[in-house]
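input-v2.txt, holding compact mmCIF, C-alpha atoms:
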```txt
# COMPACT_ATOMS: atom_id res chain seq x y z
CA MET C 115 8.60 9.88 4.52
CA GLY C 116 9.39 6.17 4.53
CA ASP C 117 9.87 3.42 1.98
CA ARG C 118 6.15 3.01 1.53
CA GLU C 119 5.56 6.71 0.88
CA ALA C 120 8.52 6.84 -1.51
CA ASP C 121 6.97 3.96 -3.48
CA LEU C 122 3.64 5.79 -3.52
CA LEU C 123 5.33 8.83 -5.04
CA LEU C 124 6.79 6.62 -7.76
CA VAL C 125 3.38 5.04 -8.34
CA GLU C 126 1.81 8.50 -8.60
CA ARG C 127 4.37 9.42 -11.19
CA VAL C 128 3.54 6.33 -13.28
CA GLN C 129 -0.17 6.98 -12.86
CA ALA C 130 0.42 10.48 -14.20
CA GLY C 131 1.76 8.90 -17.39
CA ASP C 132 5.53 8.63 -16.72
CA GLN C 133 6.41 5.08 -17.79
CA ALA C 134 10.10 5.55 -16.95
CA ALA C 135 9.23 5.84 -13.26
CA PHE C 136 7.92 2.27 -13.42
CA GLY C 137 11.45 1.19 -14.32
CA LEU C 138 12.62 2.46 -10.93
CA LEU C 139 10.06 0.24 -9.22
CA VAL C 140 11.10 -2.75 -11.36
CA ALA C 141 14.77 -2.15 -10.49
CA LYS C 142 13.91 -1.93 -6.81
CA TYR C 143 11.76 -5.06 -6.54
CA GLN C 144 12.85 -7.39 -9.37
CA ARG C 145 15.13 -9.62 -7.30
CA LYS C 146 12.75 -9.85 -4.36
CA LEU C 147 9.86 -10.78 -6.63
CA LEU C 148 12.01 -13.23 -8.61
CA ARG C 149 13.10 -14.94 -5.42
CA LEU C 150 9.47 -15.26 -4.29
CA VAL C 151 8.35 -16.66 -7.66
CA MET C 152 11.29 -19.09 -7.70
CA ARG C 153 10.19 -20.48 -4.38
CA LEU C 154 6.73 -21.12 -5.79
CA VAL C 155 7.49 -22.52 -9.24
CA ARG C 156 10.90 -24.08 -8.49
CA ASP C 157 12.03 -23.48 -12.04
CA PRO C 158 14.55 -20.63 -12.37
CA ALA C 159 14.14 -20.25 -16.13
CA GLU C 160 10.33 -20.03 -15.93
CA ALA C 161 10.48 -17.89 -12.80
CA GLU C 162 12.12 -15.07 -14.70
CA ASP C 163 9.38 -15.04 -17.37
CA ILE C 164 6.67 -15.20 -14.69
CA THR C 165 8.27 -12.33 -12.78
CA GLN C 166 8.41 -10.25 -15.95
CA GLU C 167 4.76 -11.06 -16.64
CA ALA C 168 3.86 -10.06 -13.07
CA PHE C 169 5.44 -6.64 -13.60
CA ILE C 170 3.48 -6.14 -16.82
CA LYS C 171 0.26 -7.14 -15.04
CA ALA C 172 1.10 -4.74 -12.22
CA TYR C 173 1.61 -1.92 -14.71
CA ARG C 174 -1.75 -2.64 -16.35
CA ALA C 175 -3.47 -2.77 -12.96
CA LEU C 176 -1.78 0.36 -11.66
CA PRO C 177 -4.81 2.62 -12.34
CA ASN C 178 -6.66 0.53 -9.74
CA PHE C 179 -3.93 0.83 -7.13
CA ARG C 180 -5.20 3.28 -4.52
CA GLY C 181 -2.41 3.02 -1.97
CA GLU C 182 -4.44 1.22 0.69
CA SER C 183 -1.64 -1.33 0.99
CA ALA C 184 2.08 -0.98 0.42
CA PHE C 185 3.10 -1.21 -3.23
CA TYR C 186 5.34 -4.24 -2.66
CA THR C 187 2.51 -6.12 -0.85
CA TRP C 188 0.26 -5.46 -3.83
CA LEU C 189 3.04 -6.44 -6.25
CA TYR C 190 3.80 -9.67 -4.38
CA ARG C 191 0.11 -10.60 -4.53
CA ILE C 192 0.19 -10.19 -8.31
CA GLY C 193 3.39 -12.26 -8.42
CA VAL C 194 1.83 -15.06 -6.35
CA ASN C 195 -1.31 -15.11 -8.52
CA THR C 196 0.72 -15.14 -11.73
CA ALA C 197 2.80 -18.05 -10.40
CA LYS C 198 -0.36 -19.85 -9.27
CA ASN C 199 -1.93 -19.50 -12.72
CA TRP C 200 1.23 -20.79 -14.35
CA LEU C 201 1.29 -23.81 -12.03
CA LEU C 202 -2.39 -24.52 -12.80
CA ALA C 203 -1.67 -24.35 -16.52
CA GLN C 204 1.12 -26.89 -15.96
CA GLY C 205 -1.21 -29.14 -13.99
CA ARG C 206 0.78 -28.51 -10.85
CA ARG C 207 -0.17 -27.11 -7.48
CA MET C 208 1.32 -24.43 -5.25
CA PRO C 209 3.85 -25.81 -2.74
CA THR C 210 2.59 -25.96 0.83
CA PHE C 211 4.14 -23.87 3.56
CA SER C 212 6.01 -26.90 4.96
CA GLU C 213 7.33 -27.74 1.50
CA LEU C 214 8.60 -24.19 1.17
CA GLU C 215 10.24 -24.42 4.59
CA ASP C 216 11.88 -27.75 3.70
CA GLY C 217 13.19 -26.15 0.54
CA GLU C 218 14.66 -23.34 2.61
CA GLU C 219 16.48 -25.77 4.85
CA GLU C 220 17.85 -27.70 1.91
CA GLY C 221 19.07 -24.56 0.21
CA SER C 222 15.73 -23.29 -1.10
CA GLU C 223 14.37 -23.68 -4.59
CA LEU C 224 17.82 -22.96 -5.81
CA THR C 225 19.48 -26.20 -4.85
CA GLY C 226 22.94 -26.48 -6.31
CA GLU C 227 21.81 -29.06 -8.86
CA GLN C 228 18.82 -27.04 -10.04
CA ARG C 229 20.89 -23.91 -10.44
CA HIS C 230 23.43 -25.75 -12.53
CA ASP C 231 20.70 -27.38 -14.60
CA GLU C 232 18.60 -24.30 -15.28
CA GLU C 233 20.90 -21.32 -15.19
CA THR C 234 23.58 -20.43 -17.63
CA PRO C 235 27.17 -20.60 -16.38
CA GLU C 236 27.52 -16.90 -17.21
CA ARG C 237 24.65 -15.94 -14.98
CA LEU C 238 25.83 -18.14 -12.16
CA LEU C 239 29.26 -16.61 -12.43
CA LEU C 240 27.83 -13.08 -12.48
CA SER C 241 25.71 -13.74 -9.36
CA LYS C 242 28.74 -15.13 -7.58
CA GLU C 243 30.97 -12.26 -8.65
CA ILE C 244 28.45 -9.62 -7.59
CA GLY C 245 28.01 -11.26 -4.20
CA GLU C 246 31.75 -11.50 -3.66
CA THR C 247 32.36 -7.93 -4.83
CA VAL C 248 29.68 -6.52 -2.54
CA HIS C 249 31.00 -8.38 0.46
CA ALA C 250 34.64 -7.53 -0.31
CA ALA C 251 33.65 -3.86 -0.62
CA MET C 252 31.85 -4.07 2.71
CA GLU C 253 34.91 -5.53 4.41
CA ALA C 254 37.03 -2.69 3.07
CA LEU C 255 34.71 0.02 4.45
CA PRO C 256 35.64 2.02 7.56
CA GLU C 257 33.73 0.68 10.53
CA GLU C 258 31.29 3.60 10.87
CA LEU C 259 30.27 3.34 7.21
CA ARG C 260 29.91 -0.45 7.41
CA THR C 261 27.75 -0.15 10.52
CA ALA C 262 25.53 2.52 8.97
CA ILE C 263 24.90 0.62 5.71
CA THR C 264 24.35 -2.64 7.61
CA LEU C 265 21.75 -1.06 9.88
CA ARG C 266 20.00 0.41 6.86
CA GLU C 267 20.17 -2.40 4.29
CA ILE C 268 20.14 -5.49 6.46
CA GLU C 269 18.28 -4.36 9.56
CA GLY C 270 15.98 -1.96 7.69
CA LEU C 271 16.27 0.87 10.24
CA SER C 272 15.29 4.43 9.37
CA TYR C 273 17.92 7.19 9.42
CA GLU C 274 16.52 8.47 12.69
CA GLU C 275 16.82 5.04 14.31
CA ILE C 276 20.36 4.63 12.98
CA ALA C 277 21.26 8.03 14.42
CA GLN C 278 20.03 6.84 17.82
CA VAL C 279 21.90 3.54 17.58
CA MET C 280 25.14 5.17 16.43
CA ASP C 281 24.68 8.20 18.68
CA CYS C 282 25.34 10.74 15.96
CA PRO C 283 23.35 13.44 14.11
CA ILE C 284 20.97 12.32 11.35
CA GLY C 285 22.99 14.32 8.81
CA THR C 286 26.00 12.16 9.62
CA VAL C 287 23.90 9.05 9.01
CA ARG C 288 22.86 10.37 5.57
CA SER C 289 26.47 11.03 4.69
CA ARG C 290 27.75 7.68 5.96
CA ILE C 291 25.13 5.66 4.11
CA PHE C 292 25.75 7.59 0.91
CA ARG C 293 29.54 7.17 1.18
CA ALA C 294 29.18 3.46 1.90
CA ARG C 295 26.92 3.01 -1.14
CA GLU C 296 29.26 4.96 -3.37
CA ALA C 297 32.24 2.88 -2.25
CA ILE C 298 30.44 -0.39 -2.99
CA ALA C 299 28.91 0.95 -6.21
CA ALA C 300 32.37 2.01 -7.45
CA ARG C 301 33.46 -1.62 -7.32
CA LEU C 302 30.22 -2.93 -8.80
CA ARG C 303 29.95 -0.58 -11.80
CA PRO C 304 32.67 -2.15 -13.96
CA LEU C 305 31.25 -5.60 -13.28
CA LEU C 306 27.67 -4.63 -14.06
CA ASP C 307 28.58 -2.58 -17.11
CA SER C 308 30.33 -5.56 -18.64
CA ALA C 309 27.36 -7.85 -17.98
CA PRO C 310 24.80 -8.47 -20.77
CA ASN C 311 21.46 -6.60 -20.67
CA ARG C 312 22.58 -4.19 -18.02
CA ARG C 313 21.54 -0.97 -19.72
CA TRP C 314 17.97 0.33 -19.88
CA MET I 224 29.15 12.72 -13.77
CA LYS I 225 26.34 13.86 -11.54
CA SER I 226 26.86 16.36 -8.77
CA MET I 227 27.47 15.11 -5.26
CA SER I 228 24.22 16.63 -4.01
CA GLN I 229 22.17 14.78 -6.63
CA ARG I 230 23.83 11.49 -5.76
CA THR I 231 23.22 12.09 -2.06
CA GLU I 232 19.60 12.86 -2.81
CA LEU I 233 19.35 9.67 -4.87
CA SER I 234 20.58 7.66 -1.90
CA GLU I 235 18.03 9.37 0.36
CA LEU I 236 15.23 8.88 -2.15
CA PHE I 237 16.12 5.20 -2.41
CA ASP I 238 15.76 4.89 1.37
CA GLY I 239 12.52 6.88 1.46
CA GLU I 240 14.28 9.55 3.54
CA LEU I 241 14.04 12.50 1.17
CA ASP I 242 11.56 15.26 2.01
CA ALA I 243 8.26 14.45 0.23
CA GLU I 244 8.11 17.67 -1.78
CA ARG I 245 11.69 17.35 -2.95
CA ALA I 246 11.19 13.64 -3.62
CA ARG I 247 8.21 14.36 -5.89
CA ALA I 248 10.30 16.71 -8.02
CA PHE I 249 13.45 14.59 -7.90
CA ILE I 250 11.69 11.40 -9.09
CA GLY I 251 10.96 13.23 -12.35
CA ILE I 252 14.65 14.04 -12.74
CA VAL I 253 15.77 10.48 -11.97
CA ALA I 254 13.22 8.93 -14.32
CA ARG I 255 14.64 10.97 -17.22
CA ASP I 256 18.34 10.73 -16.38
CA GLU I 257 20.09 7.57 -17.55
CA GLU I 258 23.04 7.94 -15.19
CA LEU I 259 20.86 8.41 -12.11
CA ARG I 260 18.62 5.50 -13.18
CA ARG I 261 21.68 3.30 -13.49
CA ASP I 262 22.89 4.33 -10.04
CA TRP I 263 19.42 3.56 -8.64
CA GLU I 264 19.71 0.12 -10.20
CA ILE I 265 23.16 -0.40 -8.65
CA TYR I 266 21.87 0.70 -5.22
CA ALA I 267 19.08 -1.87 -5.52
CA CYS I 268 21.51 -4.54 -6.64
CA LEU I 269 24.01 -4.00 -3.82
CA GLY I 270 21.27 -3.89 -1.18
CA ASP I 271 19.69 -7.11 -2.44
CA HIS I 272 23.04 -8.92 -2.55
CA LEU I 273 23.96 -7.66 0.90
CA ARG I 274 20.78 -9.17 2.28
CA ASP I 275 21.01 -12.47 0.40
CA GLU I 276 24.29 -13.96 -0.71
CA ARG I 277 22.60 -16.68 -2.77
CA LEU I 278 20.39 -14.27 -4.67
CA PRO I 279 20.13 -15.02 -8.38
CA GLU I 280 21.30 -12.05 -10.41
CA THR I 281 18.81 -10.77 -12.92
CA ASN I 282 17.96 -7.63 -14.79
CA LEU I 283 14.39 -7.50 -15.97
CA VAL I 284 14.27 -3.72 -16.26
CA ALA I 285 15.25 -3.55 -19.94
CA ALA I 286 12.88 -6.39 -20.90
CA VAL I 287 9.94 -4.98 -18.93
CA MET I 288 10.49 -1.44 -20.23
CA ALA I 289 10.68 -2.73 -23.82
CA ARG I 290 7.34 -4.49 -23.37
CA LEU I 291 5.80 -1.41 -21.76
CA LYS I 292 6.45 0.57 -24.93
CA GLU I 293 3.65 -1.45 -26.51
CA GLU I 294 1.32 -0.77 -23.58
CA PRO I 295 -1.02 2.22 -23.40
CA VAL I 296 0.20 4.92 -21.03
CA VAL I 297 -1.29 4.59 -17.56
CA LEU I 298 -3.32 7.57 -16.46
CA ALA I 299 -5.06 7.32 -13.15
CA PRO I 300 -6.13 9.49 -10.24
CA ARG I 301 -3.52 10.13 -7.60
CA PRO I 302 -3.57 7.44 -4.89
CA LEU I 303 -4.38 8.44 -1.32
CA ARG I 304 -1.35 8.93 0.85
CA PRO I 305 -1.62 7.69 4.43
CA GLN I 306 -1.89 11.20 5.90
CA GLU I 307 -4.76 12.01 3.53
CA ARG I 308 -6.89 9.10 4.57
CA GLN I 309 -9.70 9.75 7.02
CA HIS I 310 -8.66 9.19 10.58
CA PRO I 311 -10.76 6.37 12.14
CA PHE I 312 -11.36 8.44 15.28
CA LEU I 313 -13.14 11.11 13.25
CA ALA I 314 -16.05 8.76 12.56
CA LEU I 315 -16.21 7.82 16.24
CA ALA I 316 -16.10 11.48 17.33
CA ALA I 317 -18.87 12.35 14.87
CA SER I 318 -21.04 9.52 16.22
CA VAL I 319 -20.50 10.59 19.82
CA ALA I 320 -21.29 14.21 18.93
CA GLY I 321 -24.48 13.13 17.16
CA ILE I 322 -25.62 11.06 20.14
CA ALA I 323 -24.80 13.94 22.51
CA VAL I 324 -26.93 16.40 20.50
CA VAL I 325 -29.89 14.02 20.30
CA GLY I 326 -29.52 13.15 24.00
CA TRP I 327 -29.44 16.81 25.00
CA LEU I 328 -32.55 17.51 22.95
CA ALA I 329 -34.33 14.50 24.42
CA LEU I 330 -33.51 15.38 28.01
CA SER I 331 -34.11 19.12 27.73
CA GLY I 332 -37.90 18.57 28.01
CA ARG I 333 -38.71 21.48 25.72
CA PRO I 334 -40.81 20.30 22.82
CA GLU I 335 -40.26 23.57 20.94
CA ALA I 336 -36.53 23.00 21.19
CA VAL I 337 -36.79 19.75 19.32
CA LEU I 338 -35.42 19.92 15.84
CA PRO I 339 -38.02 19.34 13.19
CA ALA I 340 -38.05 15.81 11.92
CA PRO I 341 -39.65 16.35 8.55
CA THR I 342 -39.65 12.84 7.22
CA PHE I 343 -40.86 11.03 10.27
CA SER I 344 -43.28 13.75 11.33
CA GLY I 345 -44.60 13.90 7.81
CA GLN I 346 -45.25 10.18 8.03
CA LEU I 347 -46.99 10.71 11.34
CA ALA I 348 -49.24 13.34 9.85
CA ALA I 349 -49.98 11.19 6.85
CA ALA I 350 -50.65 8.19 9.06
CA GLY I 351 -52.90 10.32 11.24
CA LYS I 352 -55.02 11.34 8.26
CA SER I 353 -55.51 7.82 7.03
CA THR I 354 -55.99 6.05 10.36
CA MET I 355 -58.18 8.64 12.14
CA PRO I 356 -61.59 7.25 12.97
CA ALA I 357 -64.64 8.89 11.38
CA ALA I 358 -66.10 9.78 14.82
CA ALA I 359 -63.00 11.70 15.71
CA ASN I 360 -63.21 13.58 12.45
CA ARG I 361 -66.73 14.57 13.29
CA ALA I 362 -65.66 15.73 16.80
CA ARG I 363 -63.24 18.12 15.18
CA LEU I 364 -66.14 20.09 13.80
CA ALA I 365 -67.50 20.89 17.31
CA THR I 366 -66.52 23.87 19.55
CA PRO I 367 -62.88 24.97 19.79
CA GLU I 368 -62.54 23.63 23.40
CA ALA I 369 -64.05 20.30 22.52
CA SER I 370 -61.99 20.25 19.40
CA ALA I 371 -58.77 20.80 21.38
CA VAL I 372 -59.64 18.03 23.88
CA ALA I 373 -60.52 15.70 21.06
CA ALA I 374 -57.32 16.54 19.21
CA HIS I 375 -55.26 15.84 22.34
CA GLY I 376 -56.96 12.47 22.80
CA GLU I 377 -56.49 11.65 19.13
CA ALA I 378 -52.81 12.50 19.26
CA ALA I 379 -52.29 10.31 22.34
CA ALA I 380 -54.13 7.42 20.73
CA LEU I 381 -52.23 7.92 17.52
CA ARG I 382 -48.88 7.89 19.34
CA GLY I 383 -49.86 4.66 21.05
CA GLU I 384 -50.86 3.08 17.75
CA ILE I 385 -47.70 4.20 16.01
CA ARG I 386 -45.53 2.97 18.84
CA GLU I 387 -47.17 -0.44 18.68
CA LEU I 388 -46.77 -0.44 14.93
CA LEU I 389 -43.08 0.40 15.18
CA LEU I 390 -42.46 -2.17 17.90
CA ALA I 391 -44.17 -4.80 15.78
CA HIS I 392 -42.08 -3.69 12.84
CA GLN I 393 -38.89 -3.95 14.88
CA MET I 394 -39.77 -7.48 15.93
CA GLN I 395 -40.30 -8.45 12.30
CA ALA I 396 -37.08 -6.86 11.10
CA SER I 397 -34.28 -9.19 12.18
CA SER I 398 -31.44 -7.44 10.37
CA PHE I 399 -32.01 -3.97 11.73
CA ARG I 400 -33.36 -3.15 15.15
CA LEU I 401 -33.76 0.23 16.68
CA GLY I 402 -32.18 0.48 20.10
CA ASP I 403 -34.04 1.38 23.29
CA SER I 404 -32.68 4.89 23.17
CA THR I 405 -34.27 5.61 19.79
CA GLU I 406 -37.69 5.07 21.32
CA HIS I 407 -37.14 8.22 23.37
CA VAL I 408 -36.13 10.10 20.26
CA ARG I 409 -39.27 8.94 18.51
CA THR I 410 -41.45 9.94 21.48
CA VAL I 411 -39.91 13.37 21.64
CA ALA I 412 -40.30 13.94 17.95
CA ALA I 413 -43.89 12.75 18.02
CA THR I 414 -44.66 14.88 21.06
CA GLY I 415 -43.07 17.90 19.48
CA ARG I 416 -45.12 17.53 16.38
CA ALA I 417 -48.37 16.80 18.22
CA GLY I 418 -47.84 19.71 20.57
CA ALA I 419 -47.09 22.16 17.79
CA PRO I 420 -49.87 24.56 16.82
```
Any chance you could put this one into structure tokens?
Amino acid sequence: MGDREADLLLVERVQAGDQAAFGLLVAKYQRKLLRLVMRLVRDPAEAEDITQEAFIKAYRALPNFRGESAFYTWLYRIGVNTAKNWLLAQGRRMPTFSELEDGEEEGSELTGEQRHDEETPERLLLSKEIGETVHAAMEALPEELRTAITLREIEGLSYEEIAQVMDCPIGTVRSRIFRAREAIAARLRPLLDSAPNRRW
Amino acid sequence: MKSMSQRTELSELFDGELDAERARAFIGIVARDEELRRDWEIYACLGDHLRDERLPETNLVAAVMARLKEEPVVLAPRPLRPQERQHPFLALAASVAGIAVVGWLALSGRPEAVLPAPTFSGQLAAAGKSTMPAAANRARLATPEASAVAAHGEAAALRGEIRELLLAHQMQASSFRLGDSTEHVRTVAATGRAGAP
């Protein structure tokens, strides 16, 4: 099984009438979709509403999802269309590829000024704190755990590939990735629990 | 506090590395367990922030789930998993097998071995009835020998007419043309029918 198959199992669960399983998909893809929408609409405050709307549209369209494409590809398409419709309603157009690339070079849609203009200081602080906590926790990890979680989360390798790279059994890879996650999560929990709107 | 094995399984499920059967059952447990759902959320958060330091922090889960309470429950057929989809080579293999069977029948030279072609042969018979000249019909009423000779001649003439008709039809039809090989199939089928008692 891979990421795609795991998503399909979650989709199946939702299609069988389990709404709560959709929350797992939202948790998994919300930041990726938000980042994509932000690049398109260049308005952080609106981007969050559009992303939320895209998830609702995805839920409504889920009976038509047959698994021919990966769930996230399908979800991103809905996100792009929702952003496009919003831009049309505003009398604006989608940014071109070169405009998106320029934005990336300058610091993306989230230029320092825009972030300060559109986002609340609390949210900016929370983003910064989470980033710093995650990276501090990574630095504190034993090397074999840091390597395993890096290969998984940043390089996107499967457990089998990580086992080959690290020259160890696949069971060891499972254990290392889990221990790395738990170590980082232990530092993140207090921070996230104190943040507003964290609980389901 | 959840057991270590459940937390390990959650990590594996998050990475798509849990056995499919176990994953199917475990998703149901996670979806109903607040603590496991929260850990799933934290795993997603730490992974996203590891990949992108400038990522804006958000949590849309609560807002989306609140809105979903007003939505009708989704009920849909199970989507196809990749291993359940038809393999593209199956269609190719079936085509090759079909061509091989027809080719073998065509080259075997045994009219009685030809599979009956009810639709096309039926058309042939119907066409034969309507297009047969009156003189030929009269010849049929003569002696059995003469009748057999006449029938053979009629069948040959009929095949010729039908072939011309089909060729003319092929030339008219631009979107669908029968290949050269199908002419042999048609000839065999026609021969088989004409030669049958």
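Among the candidates I:Arg247, I:His272, I:Arg230, I:Arg261, the residue lying nearest to Ala285 of chain I is I:Arg261 (atoms considered: all atoms listed in the file).
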Please return, as a VMD selection string, all polymer residues that have at least one atom within 10 Å of the point (12.8, -2.4, -16.3); use only C-alpha atoms and the file's own coordinate frame. (chain C and resid 133 to 142 144 166 169 313 to 314) or (chain I and resid 264 282 to 291)
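Checking C:Ala159, C:Ala294, C:Ile170, C:Leu147 one by one against chain I, counting all atoms listed in the file, you find the shortest gap at C:Ile170.
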Quick one: which residues from chain I are at most 8 Å off chain C, using all atoms listed in the file, as an MDAnalysis selection string? chainID I and resid 230:231 234:243 246:247 250:251 254:255 257 260:267 269:274 276:288 290:291 296:305
Between C:Arg156, C:Leu201, C:Arg290, C:Arg206, which is the closest to Arg260 of chain C once you count only C-alpha atoms?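 That would be C:Arg290, the residue with the smallest distance to Arg260 of chain C.
Between atom CA of Ala379 of chain I and atom CA of Trp327 of chain I the separation is 23.9 Å.
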Mind pulling up the distance from atom CA of Ala184 of chain C to atom CA of Gln229 of chain I? 26.5 Å
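Of the residues under consideration (C:Pro304, C:Pro256, C:Gly193, C:Pro235), C:Gly193 shows the shortest atom-to-atom contact distance to Val151 of chain C when counting all atoms listed in the file.
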What does the distance between atom CA of Ala203 of chain C and atom CA of Glu293 of chain I come to in Å, to one decimal place? 25.5 Å
Nearest to Ser308 of chain C: which of C:Glu236, C:Leu255, C:Val287, C:Gly205 is it, counting all atoms listed in the file?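 Of C:Glu236, C:Leu255, C:Val287, C:Gly205, the one nearest Ser308 of chain C is C:Glu236, counting all atoms listed in the file.
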Using the incomplete input, complete segment 281-293 of chain I to the level of N, CA and C atoms; output as a PDB file, in the frame of the given file.
```pdb
ATOM      1  N   THR I 281      19.701 -10.931 -11.784  1.00  0.00           N
ATOM      2  CA  THR I 281      18.810 -10.770 -12.920  1.00  0.00           C
ATOM      3  C   THR I 281      18.726  -9.290 -13.267  1.00  0.00           C
ATOM      4  N   ASN I 282      18.315  -9.011 -14.461  1.00  0.00           N
ATOM      5  CA  ASN I 282      17.960  -7.630 -14.790  1.00  0.00           C
ATOM      6  C   ASN I 282      16.783  -7.656 -15.754  1.00  0.00           C
ATOM      7  N   LEU I 283      15.620  -7.464 -15.172  1.00  0.00           N
ATOM      8  CA  LEU I 283      14.390  -7.500 -15.970  1.00  0.00           C
ATOM      9  C   LEU I 283      13.990  -6.108 -16.433  1.00  0.00           C
ATOM     10  N   VAL I 284      14.705  -5.092 -15.982  1.00  0.00           N
ATOM     11  CA  VAL I 284      14.270  -3.720 -16.260  1.00  0.00           C
ATOM     12  C   VAL I 284      14.172  -3.482 -17.766  1.00  0.00           C
ATOM     13  N   ALA I 285      15.237  -3.821 -18.494  1.00  0.00           N
ATOM     14  CA  ALA I 285      15.250  -3.550 -19.940  1.00  0.00           C
ATOM     15  C   ALA I 285      14.102  -4.298 -20.627  1.00  0.00           C
ATOM     16  N   ALA I 286      13.927  -5.576 -20.261  1.00  0.00           N
ATOM     17  CA  ALA I 286      12.880  -6.390 -20.900  1.00  0.00           C
ATOM     18  C   ALA I 286      11.488  -5.839 -20.587  1.00  0.00           C
ATOM     19  N   VAL I 287      11.265  -5.498 -19.322  1.00  0.00           N
ATOM     20  CA  VAL I 287       9.940  -4.980 -18.930  1.00  0.00           C
ATOM     21  C   VAL I 287       9.681  -3.635 -19.612  1.00  0.00           C
ATOM     22  N   MET I 288      10.689  -2.762 -19.622  1.00  0.00           N
ATOM     23  CA  MET I 288      10.490  -1.440 -20.230  1.00  0.00           C
ATOM     24  C   MET I 288      10.258  -1.546 -21.733  1.00  0.00           C
ATOM     25  N   ALA I 289      10.902  -2.528 -22.377  1.00  0.00           N
ATOM     26  CA  ALA I 289      10.680  -2.730 -23.820  1.00  0.00           C
ATOM     27  C   ALA I 289       9.229  -3.162 -24.063  1.00  0.00           C
ATOM     28  N   ARG I 290       8.738  -4.045 -23.205  1.00  0.00           N
ATOM     29  CA  ARG I 290       7.340  -4.490 -23.370  1.00  0.00           C
ATOM     30  C   ARG I 290       6.348  -3.370 -23.065  1.00  0.00           C
ATOM     31  N   LEU I 291       6.724  -2.499 -22.135  1.00  0.00           N
ATOM     32  CA  LEU I 291       5.800  -1.410 -21.760  1.00  0.00           C
ATOM     33  C   LEU I 291       5.612  -0.399 -22.891  1.00  0.00           C
ATOM     34  N   LYS I 292       6.579  -0.364 -23.803  1.00  0.00           N
ATOM     35  CA  LYS I 292       6.450   0.570 -24.930  1.00  0.00           C
ATOM     36  C   LYS I 292       5.233   0.225 -25.780  1.00  0.00           C
ATOM     37  N   GLU I 293       4.833  -1.040 -25.742  1.00  0.00           N
ATOM     38  CA  GLU I 293       3.650  -1.450 -26.510  1.00  0.00           C
ATOM     39  C   GLU I 293       2.358  -1.250 -25.718  1.00  0.00           C
TER      40      GLU I 293
END
```
